[in-house]
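Have a look at the structure below before the remarks.
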Amino acid sequence: MRDVGWTALRMWRFGVDEREFGGFAGREVFVHAYEDAGGTFDADRFRWWKVLGTLWWGVGLAAQAKSYLDGSVRDIVMAASGRRIPEIEWDLLMLTKP
């Protein structure tokens, strides 16, 4: 489920949020194709990996921003990574809300 969760992170949708998987497929279509190809979709494990992947991505963005701020990497792309952190925080809140 780790690979499936990763492809469903919001960051890969590029504004096409209604298509959970990479912005190109909704869950029903994806799961059907995944299972037809021999996979077993487990909704609980999928959710866990989706939350963990989102957290991991957020920590990575924070590390990139820190590397710019502390002067170890002087690339504006690293600084720009920091502006994405609130999006990740929002995604985590939405993924973990009761």
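Identifiers for the structure tokens are assigned positionally: chains receive A, B, ... in sequence, residues are indexed from 1 per chain, and ligands are indexed from 1 in the order shown.
Residues surrounding Gly22 in chain A within 6 Å are Thr7, Trp12, Arg13 and Phe24 of chain A [only C-alpha atoms; sequence separation below 2 positions excluded].
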Might you pull out every residue within 10 Å of Val31 in chain A, with only C-alpha atoms counted and same-chain residues fewer than 5 positions away left off, and present them as an MDAnalysis selection string?
chainID A and resid 4 21 25:26 36:37 39:43
Requested write-out: N, CA, C and O atoms of the selected residues, as a short mmCIF file (atom, residue, chain, number, x, y, z; two decimals), in the first residue's frame:
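selection35.cif, freshly written:
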data_model
loop_
_atom_site.label_atom_id
_atom_site.label_comp_id
_atom_site.auth_asym_id
_atom_site.auth_seq_id
_atom_site.Cartn_x
_atom_site.Cartn_y
_atom_site.Cartn_z
N VAL A 4 0.94 2.73 -3.43
CA VAL A 4 -0.39 3.23 -3.79
C VAL A 4 -0.69 4.53 -3.04
O VAL A 4 -1.19 5.49 -3.61
N PHE A 21 -5.68 9.91 -7.70
CA PHE A 21 -4.42 9.27 -8.08
C PHE A 21 -3.74 10.04 -9.20
O PHE A 21 -4.06 9.89 -10.38
N ALA A 25 -6.83 9.71 -12.23
CA ALA A 25 -7.82 8.66 -11.96
C ALA A 25 -8.43 8.83 -10.57
O ALA A 25 -7.72 9.17 -9.62
N GLY A 26 -9.71 8.56 -10.48
CA GLY A 26 -10.38 8.52 -9.19
C GLY A 26 -10.09 7.21 -8.49
O GLY A 26 -9.55 6.27 -9.09
N ASP A 36 -7.36 -5.74 -10.64
CA ASP A 36 -7.33 -6.53 -11.88
C ASP A 36 -5.91 -6.96 -12.24
O ASP A 36 -5.70 -8.01 -12.84
N ALA A 37 -4.95 -6.14 -11.85
CA ALA A 37 -3.54 -6.45 -12.13
C ALA A 37 -2.94 -7.38 -11.08
O ALA A 37 -1.76 -7.73 -11.16
N GLY A 39 -3.17 -6.88 -7.53
CA GLY A 39 -2.96 -6.27 -6.21
C GLY A 39 -4.16 -6.45 -5.31
O GLY A 39 -5.26 -6.79 -5.76
N THR A 40 -3.95 -6.24 -4.04
CA THR A 40 -5.03 -6.27 -3.06
C THR A 40 -5.06 -4.92 -2.37
O THR A 40 -4.09 -4.52 -1.73
N PHE A 41 -6.16 -4.22 -2.53
CA PHE A 41 -6.29 -2.89 -1.94
C PHE A 41 -6.85 -3.01 -0.54
O PHE A 41 -7.89 -3.60 -0.32
N ASP A 42 -6.14 -2.44 0.42
CA ASP A 42 -6.57 -2.42 1.82
C ASP A 42 -6.75 -0.96 2.23
O ASP A 42 -5.77 -0.22 2.35
N ALA A 43 -7.99 -0.54 2.43
CA ALA A 43 -8.30 0.87 2.68
C ALA A 43 -7.62 1.41 3.94
O ALA A 43 -7.15 2.56 3.94
#
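With CA of Gly5 in chain A on one side and CA of Lys50 in chain A on the other, the separation reads 4.4 Å.
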What lies within 10 Å of Asp91 in chain A using only C-alpha atoms, ignoring chain neighbours under 6 positions off, as number ranges by chain?
A: 9-11, 51, 54-55, 58, 85
Selected residues written out with N, CA, C and O atoms, as an mmCIF file, in the first residue's frame:
data_model
loop_
_atom_site.group_PDB
_atom_site.id
_atom_site.type_symbol
_atom_site.label_atom_id
_atom_site.label_comp_id
_atom_site.auth_asym_id
_atom_site.auth_seq_id
_atom_site.Cartn_x
_atom_site.Cartn_y
_atom_site.Cartn_z
ATOM 1 N N LEU A 9 -1.044 11.074 -3.014
ATOM 2 C CA LEU A 9 -0.818 12.321 -2.280
ATOM 3 C C LEU A 9 -1.299 13.506 -3.111
ATOM 4 O O LEU A 9 -1.173 13.521 -4.336
ATOM 5 N N ARG A 10 -1.823 14.492 -2.436
ATOM 6 C CA ARG A 10 -2.397 15.657 -3.108
ATOM 7 C C ARG A 10 -1.378 16.394 -3.976
ATOM 8 O O ARG A 10 -1.715 16.956 -5.006
ATOM 9 N N MET A 11 -0.120 16.347 -3.591
ATOM 10 C CA MET A 11 0.915 17.072 -4.335
ATOM 11 C C MET A 11 1.036 16.595 -5.774
ATOM 12 O O MET A 11 1.481 17.337 -6.638
ATOM 13 N N VAL A 51 -1.176 9.139 4.884
ATOM 14 C CA VAL A 51 -0.842 10.080 5.959
ATOM 15 C C VAL A 51 0.673 10.142 6.151
ATOM 16 O O VAL A 51 1.265 11.230 6.216
ATOM 17 N N THR A 54 2.414 11.978 3.310
ATOM 18 C CA THR A 54 2.186 13.422 3.392
ATOM 19 C C THR A 54 3.078 14.038 4.461
ATOM 20 O O THR A 54 3.702 15.089 4.232
ATOM 21 N N LEU A 55 3.171 13.396 5.601
ATOM 22 C CA LEU A 55 4.054 13.876 6.662
ATOM 23 C C LEU A 55 5.506 13.891 6.191
ATOM 24 O O LEU A 55 6.234 14.867 6.389
ATOM 25 N N GLY A 58 6.153 16.765 3.914
ATOM 26 C CA GLY A 58 6.218 18.021 4.663
ATOM 27 C C GLY A 58 7.536 18.199 5.385
ATOM 28 O O GLY A 58 8.111 19.302 5.394
ATOM 29 N N ILE A 85 4.691 24.324 2.922
ATOM 30 C CA ILE A 85 4.466 23.620 4.182
ATOM 31 C C ILE A 85 3.039 23.787 4.713
ATOM 32 O O ILE A 85 2.429 22.798 5.141
#
- Task: Kindly give the distance, in Å, that separates CA of Leu61 in chain A and CA of Ile88 in chain A, rounded to a single decimal.
- Result: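 About the pair CA of Leu61 in chain A and CA of Ile88 in chain A: they are 9.2 Å apart.
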